[in-house]
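Source file: work24.cif. Holds: mmCIF, C-alpha atoms; chains and numbers go by the auth columns.
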data_upload
#
loop_
_atom_site.group_PDB
_atom_site.id
_atom_site.type_symbol
_atom_site.label_atom_id
_atom_site.label_comp_id
_atom_site.label_asym_id
_atom_site.label_seq_id
_atom_site.Cartn_x
_atom_site.Cartn_y
_atom_site.Cartn_z
_atom_site.B_iso_or_equiv
_atom_site.auth_seq_id
_atom_site.auth_asym_id
ATOM 1 C CA MET A 1 128.983 -82.963 89.917 0.00 14 A
ATOM 2 C CA LEU A 2 129.476 -83.029 93.686 0.00 15 A
ATOM 3 C CA GLN A 3 128.005 -80.076 95.542 0.00 16 A
ATOM 4 C CA GLU A 4 128.642 -78.972 99.116 0.00 17 A
ATOM 5 C CA ARG A 5 125.547 -79.303 101.273 0.00 18 A
ATOM 6 C CA ILE A 6 124.762 -79.257 104.963 0.00 19 A
ATOM 7 C CA ALA A 7 122.822 -81.915 106.858 0.00 20 A
ATOM 8 C CA ARG A 8 122.118 -82.494 110.508 0.00 21 A
ATOM 9 C CA ASP A 9 123.840 -85.455 112.100 0.00 22 A
ATOM 10 C CA GLY A 10 124.066 -86.637 115.695 0.00 23 A
ATOM 11 C CA GLY A 11 126.488 -83.854 116.577 0.00 24 A
ATOM 12 C CA GLY A 12 124.677 -80.980 114.875 0.00 25 A
ATOM 13 C CA LYS A 13 125.320 -79.674 111.353 0.00 26 A
ATOM 14 C CA LYS A 14 127.846 -81.329 109.065 0.00 27 A
ATOM 15 C CA HIS A 15 129.016 -80.590 105.533 0.00 28 A
ATOM 16 C CA TYR A 16 128.775 -83.326 102.902 0.00 29 A
ATOM 17 C CA GLN A 17 129.360 -83.460 99.166 0.00 30 A
ATOM 18 C CA VAL A 18 126.433 -84.785 97.124 0.00 31 A
ATOM 19 C CA GLY A 19 126.157 -85.549 93.431 0.00 32 A
ATOM 20 C CA LEU A 20 126.314 -88.078 90.620 0.00 33 A
ATOM 21 C CA ALA A 21 129.472 -90.099 90.022 0.00 34 A
ATOM 22 C CA ARG A 22 131.516 -88.480 87.277 0.00 35 A
ATOM 23 C CA HIS A 23 133.831 -91.341 86.346 0.00 36 A
ATOM 24 C CA GLN A 24 134.353 -95.048 86.880 0.00 37 A
ATOM 25 C CA ASP A 25 136.571 -94.640 89.940 0.00 38 A
ATOM 26 C CA GLU A 26 133.681 -92.977 91.765 0.00 39 A
ATOM 27 C CA VAL A 27 131.305 -95.725 90.663 0.00 40 A
ATOM 28 C CA ARG A 28 133.745 -98.259 92.133 0.00 41 A
ATOM 29 C CA GLU A 29 133.673 -96.384 95.440 0.00 42 A
ATOM 30 C CA ALA A 30 129.894 -96.814 95.502 0.00 43 A
ATOM 31 C CA GLN A 31 130.247 -100.491 94.619 0.00 44 A
ATOM 32 C CA ARG A 32 132.798 -100.954 97.390 0.00 45 A
ATOM 33 C CA LEU A 33 130.428 -99.422 99.961 0.00 46 A
ATOM 34 C CA ARG A 34 127.633 -101.663 98.689 0.00 47 A
ATOM 35 C CA TRP A 35 129.845 -104.739 99.133 0.00 48 A
ATOM 36 C CA GLN A 36 130.681 -103.698 102.688 0.00 49 A
ATOM 37 C CA VAL A 37 127.023 -103.219 103.594 0.00 50 A
ATOM 38 C CA PHE A 38 125.350 -106.029 101.652 0.00 51 A
ATOM 39 C CA ALA A 39 127.980 -108.790 101.665 0.00 52 A
ATOM 40 C CA GLU A 40 130.029 -108.149 104.805 0.00 53 A
ATOM 41 C CA GLU A 41 127.360 -106.698 107.077 0.00 54 A
ATOM 42 C CA MET A 42 124.186 -108.408 105.805 0.00 55 A
ATOM 43 C CA GLY A 43 125.681 -111.645 104.474 0.00 56 A
ATOM 44 C CA ALA A 44 124.265 -111.336 100.949 0.00 57 A
ATOM 45 C CA ARG A 45 125.545 -113.708 98.263 0.00 58 A
ATOM 46 C CA LEU A 46 126.585 -111.333 95.505 0.00 59 A
ATOM 47 C CA ALA A 47 127.296 -112.701 92.032 0.00 60 A
ATOM 48 C CA THR A 48 130.012 -110.200 91.199 0.00 61 A
ATOM 49 C CA PRO A 49 132.913 -110.469 88.764 0.00 62 A
ATOM 50 C CA GLU A 50 135.186 -108.735 91.274 0.00 63 A
ATOM 51 C CA PRO A 51 135.087 -109.684 94.978 0.00 64 A
ATOM 52 C CA GLY A 52 135.085 -106.639 97.214 0.00 65 A
ATOM 53 C CA LEU A 53 132.829 -104.742 94.804 0.00 66 A
ATOM 54 C CA ASP A 54 129.081 -105.228 94.283 0.00 67 A
ATOM 55 C CA ILE A 55 128.762 -105.230 90.479 0.00 68 A
ATOM 56 C CA ASP A 56 125.874 -106.444 88.348 0.00 69 A
ATOM 57 C CA LEU A 57 124.774 -105.967 84.745 0.00 70 A
ATOM 58 C CA TYR A 58 122.582 -102.934 85.556 0.00 71 A
ATOM 59 C CA ASP A 59 125.429 -100.845 86.982 0.00 72 A
ATOM 60 C CA ALA A 60 126.822 -99.895 83.588 0.00 73 A
ATOM 61 C CA TYR A 61 123.449 -98.418 82.583 0.00 74 A
ATOM 62 C CA CYS A 62 122.791 -96.585 85.865 0.00 75 A
ATOM 63 C CA GLU A 63 123.784 -93.227 87.255 0.00 76 A
ATOM 64 C CA HIS A 64 125.219 -93.430 90.740 0.00 77 A
ATOM 65 C CA LEU A 65 124.308 -90.844 93.364 0.00 78 A
ATOM 66 C CA LEU A 66 126.977 -90.374 96.042 0.00 79 A
ATOM 67 C CA VAL A 67 127.254 -88.668 99.412 0.00 80 A
ATOM 68 C CA ARG A 68 130.861 -88.068 100.421 0.00 81 A
ATOM 69 C CA ASP A 69 132.281 -86.964 103.770 0.00 82 A
ATOM 70 C CA PRO A 70 134.853 -84.349 102.717 0.00 83 A
ATOM 71 C CA ASP A 71 136.651 -84.679 106.060 0.00 84 A
ATOM 72 C CA THR A 72 137.640 -88.258 105.273 0.00 85 A
ATOM 73 C CA GLY A 73 137.130 -88.325 101.491 0.00 86 A
ATOM 74 C CA GLU A 74 134.975 -91.440 101.912 0.00 87 A
ATOM 75 C CA VAL A 75 131.728 -92.228 100.090 0.00 88 A
ATOM 76 C CA VAL A 76 129.260 -92.803 102.938 0.00 89 A
ATOM 77 C CA GLY A 77 125.962 -93.152 101.074 0.00 90 A
ATOM 78 C CA THR A 78 124.785 -94.152 97.634 0.00 91 A
ATOM 79 C CA TYR A 79 121.778 -94.835 95.425 0.00 92 A
ATOM 80 C CA ARG A 80 121.828 -96.063 91.871 0.00 93 A
ATOM 81 C CA ILE A 81 119.350 -94.590 89.405 0.00 94 A
ATOM 82 C CA LEU A 82 118.042 -96.243 86.243 0.00 95 A
ATOM 83 C CA SER A 83 116.341 -93.768 83.918 0.00 96 A
ATOM 84 C CA PRO A 84 113.499 -94.750 81.566 0.00 97 A
ATOM 85 C CA SER A 85 115.786 -94.496 78.521 0.00 98 A
ATOM 86 C CA ALA A 86 118.508 -96.579 80.211 0.00 99 A
ATOM 87 C CA ALA A 87 115.945 -99.224 81.215 0.00 100 A
ATOM 88 C CA LYS A 88 114.951 -99.445 77.565 0.00 101 A
ATOM 89 C CA ARG A 89 118.589 -99.959 76.564 0.00 102 A
ATOM 90 C CA VAL A 90 119.262 -102.685 79.156 0.00 103 A
ATOM 91 C CA GLY A 91 115.920 -104.339 78.373 0.00 104 A
ATOM 92 C CA ASP A 92 114.105 -104.095 81.710 0.00 105 A
ATOM 93 C CA TYR A 93 114.221 -102.748 85.244 0.00 106 A
ATOM 94 C CA TYR A 94 115.976 -104.631 88.044 0.00 107 A
ATOM 95 C CA THR A 95 112.603 -104.663 89.814 0.00 108 A
ATOM 96 C CA GLU A 96 111.313 -106.888 86.997 0.00 109 A
ATOM 97 C CA THR A 97 113.647 -109.671 88.134 0.00 110 A
ATOM 98 C CA GLU A 98 111.480 -109.844 91.281 0.00 111 A
ATOM 99 C CA PHE A 99 108.045 -108.636 90.142 0.00 112 A
ATOM 100 C CA ASP A 100 105.751 -108.774 87.136 0.00 113 A
ATOM 101 C CA LEU A 101 105.301 -105.098 86.212 0.00 114 A
ATOM 102 C CA THR A 102 102.764 -105.624 83.428 0.00 115 A
ATOM 103 C CA ARG A 103 100.255 -103.214 84.974 0.00 116 A
ATOM 104 C CA LEU A 104 102.868 -100.426 85.012 0.00 117 A
ATOM 105 C CA GLN A 105 103.672 -100.622 81.296 0.00 118 A
ATOM 106 C CA HIS A 106 101.961 -97.312 80.602 0.00 119 A
ATOM 107 C CA LEU A 107 104.228 -95.523 83.122 0.00 120 A
ATOM 108 C CA ARG A 108 107.538 -96.648 81.607 0.00 121 A
ATOM 109 C CA GLY A 109 108.238 -93.389 79.820 0.00 122 A
ATOM 110 C CA ASN A 110 108.350 -91.547 83.156 0.00 123 A
ATOM 111 C CA LEU A 111 109.440 -94.339 85.506 0.00 124 A
ATOM 112 C CA VAL A 112 112.806 -93.970 87.289 0.00 125 A
ATOM 113 C CA GLU A 113 114.107 -96.930 89.270 0.00 126 A
ATOM 114 C CA LEU A 114 116.013 -96.614 92.529 0.00 127 A
ATOM 115 C CA GLY A 115 118.188 -99.394 93.830 0.00 128 A
ATOM 116 C CA ARG A 116 121.128 -100.532 95.929 0.00 129 A
ATOM 117 C CA SER A 117 120.471 -97.890 98.582 0.00 130 A
ATOM 118 C CA CYS A 118 122.958 -98.036 101.436 0.00 131 A
ATOM 119 C CA VAL A 119 124.582 -95.835 104.051 0.00 132 A
ATOM 120 C CA HIS A 120 127.830 -96.506 105.907 0.00 133 A
ATOM 121 C CA PRO A 121 127.048 -97.804 109.433 0.00 134 A
ATOM 122 C CA ASP A 122 128.825 -94.840 111.045 0.00 135 A
ATOM 123 C CA TYR A 123 126.521 -92.357 109.269 0.00 136 A
ATOM 124 C CA ARG A 124 123.042 -93.741 109.864 0.00 137 A
ATOM 125 C CA ASP A 125 121.662 -90.778 111.753 0.00 138 A
ATOM 126 C CA GLY A 126 119.318 -89.512 109.043 0.00 139 A
ATOM 127 C CA GLY A 127 121.474 -86.767 107.551 0.00 140 A
ATOM 128 C CA VAL A 128 122.964 -88.810 104.723 0.00 141 A
ATOM 129 C CA ILE A 129 119.688 -90.367 103.565 0.00 142 A
ATOM 130 C CA THR A 130 118.063 -86.918 103.621 0.00 143 A
ATOM 131 C CA LEU A 131 120.728 -85.640 101.245 0.00 144 A
ATOM 132 C CA LEU A 132 120.359 -88.690 99.010 0.00 145 A
ATOM 133 C CA TRP A 133 116.641 -87.969 98.742 0.00 146 A
ATOM 134 C CA ALA A 134 117.366 -84.307 98.027 0.00 147 A
ATOM 135 C CA GLY A 135 119.691 -85.397 95.229 0.00 148 A
ATOM 136 C CA LEU A 136 116.970 -87.669 93.860 0.00 149 A
ATOM 137 C CA ALA A 137 114.465 -84.811 93.959 0.00 150 A
ATOM 138 C CA GLU A 138 116.833 -82.660 91.910 0.00 151 A
ATOM 139 C CA TYR A 139 117.369 -85.511 89.439 0.00 152 A
ATOM 140 C CA MET A 140 113.627 -86.051 88.992 0.00 153 A
ATOM 141 C CA ILE A 141 112.865 -82.365 88.545 0.00 154 A
ATOM 142 C CA ARG A 142 115.668 -81.793 86.031 0.00 155 A
ATOM 143 C CA GLY A 143 114.666 -84.882 84.045 0.00 156 A
ATOM 144 C CA GLY A 144 110.936 -84.164 84.131 0.00 157 A
ATOM 145 C CA HIS A 145 110.189 -87.639 85.543 0.00 158 A
ATOM 146 C CA ASP A 146 106.972 -88.364 87.442 0.00 159 A
ATOM 147 C CA TYR A 147 107.379 -91.780 89.111 0.00 160 A
ATOM 148 C CA LEU A 148 109.948 -93.577 91.263 0.00 161 A
ATOM 149 C CA ILE A 149 109.972 -97.358 91.640 0.00 162 A
ATOM 150 C CA GLY A 150 112.139 -99.767 93.589 0.00 163 A
ATOM 151 C CA CYS A 151 112.353 -102.702 95.968 0.00 164 A
ATOM 152 C CA ALA A 152 112.403 -101.929 99.696 0.00 165 A
ATOM 153 C CA SER A 153 114.114 -104.722 101.592 0.00 166 A
ATOM 154 C CA ILE A 154 113.321 -106.300 104.948 0.00 167 A
ATOM 155 C CA GLY A 155 115.953 -108.552 106.513 0.00 168 A
ATOM 156 C CA MET A 156 114.911 -112.140 107.177 0.00 169 A
ATOM 157 C CA ALA A 157 117.296 -113.168 109.930 0.00 170 A
ATOM 158 C CA ASP A 158 114.184 -114.060 111.968 0.00 171 A
ATOM 159 C CA GLY A 159 112.874 -116.348 109.228 0.00 172 A
ATOM 160 C CA GLY A 160 110.512 -113.758 107.749 0.00 173 A
ATOM 161 C CA HIS A 161 108.126 -113.181 110.668 0.00 174 A
ATOM 162 C CA ASN A 162 108.877 -109.456 110.846 0.00 175 A
ATOM 163 C CA ALA A 163 108.352 -109.142 107.082 0.00 176 A
ATOM 164 C CA VAL A 164 104.894 -110.716 107.373 0.00 177 A
ATOM 165 C CA GLY A 165 104.098 -108.405 110.263 0.00 178 A
ATOM 166 C CA ILE A 166 105.135 -105.382 108.212 0.00 179 A
ATOM 167 C CA TRP A 167 103.026 -106.519 105.255 0.00 180 A
ATOM 168 C CA ASN A 168 99.982 -106.931 107.491 0.00 181 A
ATOM 169 C CA ALA A 169 100.626 -103.519 109.039 0.00 182 A
ATOM 170 C CA VAL A 170 100.948 -101.579 105.774 0.00 183 A
ATOM 171 C CA LYS A 171 98.677 -103.326 103.268 0.00 184 A
ATOM 172 C CA ASP A 172 95.420 -101.638 104.317 0.00 185 A
ATOM 173 C CA LYS A 173 96.715 -98.070 104.477 0.00 186 A
ATOM 174 C CA HIS A 174 99.451 -97.957 101.849 0.00 187 A
ATOM 175 C CA LEU A 175 98.470 -100.431 99.118 0.00 188 A
ATOM 176 C CA SER A 176 98.411 -98.957 95.612 0.00 189 A
ATOM 177 C CA PRO A 177 95.306 -98.687 93.437 0.00 190 A
ATOM 178 C CA ILE A 178 94.583 -102.054 91.825 0.00 191 A
ATOM 179 C CA GLU A 179 95.592 -100.803 88.368 0.00 192 A
ATOM 180 C CA TRP A 180 99.168 -100.317 89.696 0.00 193 A
ATOM 181 C CA ARG A 181 99.405 -103.701 91.387 0.00 194 A
ATOM 182 C CA VAL A 182 102.463 -105.893 90.675 0.00 195 A
ATOM 183 C CA PHE A 183 103.075 -109.555 91.463 0.00 196 A
ATOM 184 C CA PRO A 184 106.106 -111.305 93.005 0.00 197 A
ATOM 185 C CA ARG A 185 107.900 -113.903 90.915 0.00 198 A
ATOM 186 C CA CYS A 186 109.101 -115.671 94.081 0.00 199 A
ATOM 187 C CA PRO A 187 106.422 -114.840 96.672 0.00 200 A
ATOM 188 C CA LEU A 188 107.183 -114.789 100.364 0.00 201 A
ATOM 189 C CA PRO A 189 105.065 -117.659 101.837 0.00 202 A
ATOM 190 C CA LEU A 190 102.845 -115.371 103.896 0.00 203 A
ATOM 191 C CA ASP A 191 100.373 -118.054 104.974 0.00 204 A
ATOM 192 C CA SER A 192 103.035 -120.365 106.393 0.00 205 A
ATOM 193 C CA LEU A 193 104.791 -117.742 108.538 0.00 206 A
ATOM 194 C CA GLU A 194 103.653 -116.384 111.878 0.00 207 A
ATOM 195 C CA THR A 195 103.447 -112.629 112.028 0.00 208 A
ATOM 196 C CA ALA A 196 105.614 -110.652 114.410 0.00 209 A
ATOM 197 C CA SER A 197 103.435 -109.211 117.174 0.00 210 A
ATOM 198 C CA VAL A 198 105.167 -105.818 116.981 0.00 211 A
ATOM 199 C CA PRO A 199 106.732 -105.479 113.522 0.00 212 A
ATOM 200 C CA MET A 200 109.788 -103.246 113.199 0.00 213 A
ATOM 201 C CA LEU A 201 109.791 -101.171 110.016 0.00 214 A
ATOM 202 C CA PRO A 202 113.257 -100.523 108.539 0.00 215 A
ATOM 203 C CA PRO A 203 113.966 -96.771 108.512 0.00 216 A
ATOM 204 C CA LEU A 204 114.066 -96.674 104.707 0.00 217 A
ATOM 205 C CA ILE A 205 110.582 -98.182 104.343 0.00 218 A
ATOM 206 C CA LYS A 206 109.278 -95.875 107.041 0.00 219 A
ATOM 207 C CA GLY A 207 110.742 -92.969 105.103 0.00 220 A
ATOM 208 C CA TYR A 208 109.218 -94.073 101.793 0.00 221 A
ATOM 209 C CA LEU A 209 105.772 -94.296 103.373 0.00 222 A
ATOM 210 C CA ARG A 210 106.109 -90.868 104.952 0.00 223 A
ATOM 211 C CA LEU A 211 106.986 -89.438 101.543 0.00 224 A
ATOM 212 C CA GLY A 212 103.706 -90.769 100.109 0.00 225 A
ATOM 213 C CA SER A 213 104.809 -94.015 98.445 0.00 226 A
ATOM 214 C CA TYR A 214 102.507 -96.893 97.595 0.00 227 A
ATOM 215 C CA ILE A 215 103.155 -100.558 98.305 0.00 228 A
ATOM 216 C CA CYS A 216 102.234 -102.170 94.970 0.00 229 A
ATOM 217 C CA GLY A 217 101.730 -105.748 96.132 0.00 230 A
ATOM 218 C CA GLU A 218 102.849 -108.645 98.285 0.00 231 A
ATOM 219 C CA PRO A 219 106.542 -109.062 99.126 0.00 232 A
ATOM 220 C CA ALA A 220 108.931 -111.167 97.091 0.00 233 A
ATOM 221 C CA TRP A 221 111.661 -113.310 98.605 0.00 234 A
ATOM 222 C CA ASP A 222 115.192 -112.563 97.398 0.00 235 A
ATOM 223 C CA PRO A 223 117.251 -115.640 98.338 0.00 236 A
ATOM 224 C CA ASP A 224 120.614 -114.065 97.420 0.00 237 A
ATOM 225 C CA PHE A 225 120.123 -111.162 99.818 0.00 238 A
ATOM 226 C CA ASN A 226 117.859 -113.189 102.163 0.00 239 A
ATOM 227 C CA THR A 227 115.385 -110.346 102.237 0.00 240 A
ATOM 228 C CA ALA A 228 111.687 -109.852 101.719 0.00 241 A
ATOM 229 C CA ASP A 229 111.287 -107.071 99.168 0.00 242 A
ATOM 230 C CA LEU A 230 108.272 -104.788 98.953 0.00 243 A
ATOM 231 C CA PRO A 231 107.538 -103.098 95.600 0.00 244 A
ATOM 232 C CA ILE A 232 107.486 -99.338 96.185 0.00 245 A
ATOM 233 C CA LEU A 233 106.013 -96.747 93.810 0.00 246 A
ATOM 234 C CA LEU A 234 106.143 -93.013 94.501 0.00 247 A
ATOM 235 C CA PRO A 235 104.182 -90.720 92.163 0.00 248 A
ATOM 236 C CA LEU A 236 105.795 -87.328 92.703 0.00 249 A
ATOM 237 C CA LYS A 237 102.345 -85.761 92.920 0.00 250 A
ATOM 238 C CA ASN A 238 101.898 -87.803 96.126 0.00 251 A
ATOM 239 C CA LEU A 239 105.019 -86.341 97.732 0.00 252 A
ATOM 240 C CA HIS A 240 104.039 -84.934 101.098 0.00 253 A
ATOM 241 C CA PRO A 241 104.225 -81.093 100.878 0.00 254 A
ATOM 242 C CA ALA A 242 106.396 -80.786 103.985 0.00 255 A
ATOM 243 C CA TYR A 243 108.968 -83.165 102.540 0.00 256 A
ATOM 244 C CA ALA A 244 108.756 -81.561 99.105 0.00 257 A
ATOM 245 C CA ARG A 245 109.641 -78.171 100.621 0.00 258 A
ATOM 246 C CA ARG A 246 112.464 -79.734 102.625 0.00 259 A
ATOM 247 C CA PHE A 247 114.063 -81.501 99.672 0.00 260 A
ATOM 248 C CA LEU A 248 113.619 -78.599 97.279 0.00 261 A
ATOM 249 C CA LYS A 249 115.315 -76.386 99.851 0.00 262 A
ATOM 250 C CA GLN A 250 118.229 -78.835 99.956 0.00 263 A
ATOM 251 C CA THR A 251 118.562 -78.729 96.164 0.00 264 A
#
Rewrite the structure from the file as structure tokens, please.
Amino acid sequence: MLQERIARDGGGKKHYQVGLARHQDEVREAQRLRWQVFAEEMGARLATPEPGLDIDLYDAYCEHLLVRDPDTGEVVGTYRILSPSAAKRVGDYYTETEFDLTRLQHLRGNLVELGRSCVHPDYRDGGVITLLWAGLAEYMIRGGHDYLIGCASIGMADGGHNAVGIWNAVKDKHLSPIEWRVFPRCPLPLDSLETASVPMLPPLIKGYLRLGSYICGEPAWDPDFNTADLPILLPLKNLHPAYARRFLKQT
């Protein structure tokens, strides 16, 4: 159900509608936005049955969180959410296509996966992603889930040097306990790439780290998206109190 909420954008306060997709037409709106961002903007090679929409086998099992601009009627932000029970039905998490999650087996009953996060380029001022996170907080609280997992992507237009720089910058401070470590199936060749002298963290990764997320291991290379993907795990008990109050206020 879409709810009216207020977020700050570049021009002050703006009303948005936030909620889970209620029917297939709304899911297709999310898939259309994903195509625009991933295929048209980023140049990803998407194996989809319908050009113009980003569709994969996990979509049918996921819930799709939407942010809509009621002034235009357009979906301007989305996340897809795979619950523990849905992951059991589909057989695995999308993250398992990139990482060996053996050490997280004991968390599966409370492990929610986030994926396909994107925001329309005209709305990347922080307000939309804040409302997406508020919607996720409400979802986690209502479902009684304790852990969020996902892949945080770093573009590799520079050949991967920034990704190596980011890994070197975050591994000492944000690496997970060893018992939660995961392993890339297609590792980024860290030793053969020069590190960027001043790595630039994507806003989404910066946000995850501020929330209290762990990096659970070395990055994987996703050749279809041409990204280096970091495995992110957020135990809700790690959620920074300031952000917890902010998101709970939004919900």
- When distances are computed from all atoms listed in the file, which of A:Pro232, A:Lys186, A:Thr240, A:Ile142 shows the smallest separation from Gly220 in chain A?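 Comparing A:Pro232, A:Lys186, A:Thr240, A:Ile142 against Gly220 in chain A, the winner is A:Ile142.
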- Determine, counting all atoms listed in the file, which protein, DNA and RNA residues have an atom within 12 Å of an atom of Gln49 in chain A; residues of the same chain fewer than 4 positions away are not included. Present the result as a PyMOL selection string. chain A and resi 42-45+53-57+59+64-67+88-90+131-134
- Item | Selection result of the PyMOL selection byres ((chain A and resi 93) around 10) on this file, as a ChimeraX atom specification | /A:33-34,40,43-44,71-72,74-79,91-92,94-96,126-131,149
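A straight line drawn from CA of Val195 in chain A to CA of Val103 in chain A is 20.6 Å long.
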- Task: Given the file shown, determine the residues that the PyMOL selection byres ((chain A and resi 141) around 9) selects; report them as a list in words.
- Result: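 Those residues are Ala20, Arg21, Asp22, Tyr29, Val80, Val89, Gly90, Val132, Tyr136, Arg137, Asp138, Gly139, Gly140, Ile142, Thr143, Leu144, Leu145 and Trp146 of chain A.
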- Task: Could you tell me which residues the PyMOL selection byres ((chain A and resi 167-174) around 9) grabs in this file, written as a PyMOL selection string?
- Result: chain A and resi 55+165-166+175-179+201-203+206-210+212+214-215+218+238-243
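Nearest to Gly157 in chain A of all the residues A:Asn251, A:Asn123, A:Asn181, A:Ser189 is A:Asn123, based on only C-alpha atoms.
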- Pairwise distance, CA of Gly156 in chain A with CA of Lys27 in chain A, equals 28.5 Å
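Proximity of A:Arg121, A:Ala73, A:Asp105, A:Ala60 to Gln37 in chain A, computed with all atoms listed in the file, is greatest for A:Ala73.
Residue nearest Ala150 in chain A within the list A:Leu224, A:Leu117, A:Lys101, A:Thr61: A:Leu224 [criterion: smallest interatomic distance, all atoms listed in the file].
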- Task: Could you please determine the separation between CA of Arg198 in chain A and CA of Glu111 in chain A in Å, to one decimal place?
- Result: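 Going from CA of Arg198 in chain A over to CA of Glu111 in chain A covers 5.4 Å.
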Using all atoms of range 132-145 of chain A that appear in the file, construct an axis-aligned enclosing box with 4 Å of padding on every side and provide its centre coordinates and edge lengths in Å, rounded to one decimal, as lines of an AutoDock Vina configuration file.
center_x = 123.4
center_y = -91.7
center_z = 105.4
size_x = 18.8
size_y = 20.2
size_z = 20.7
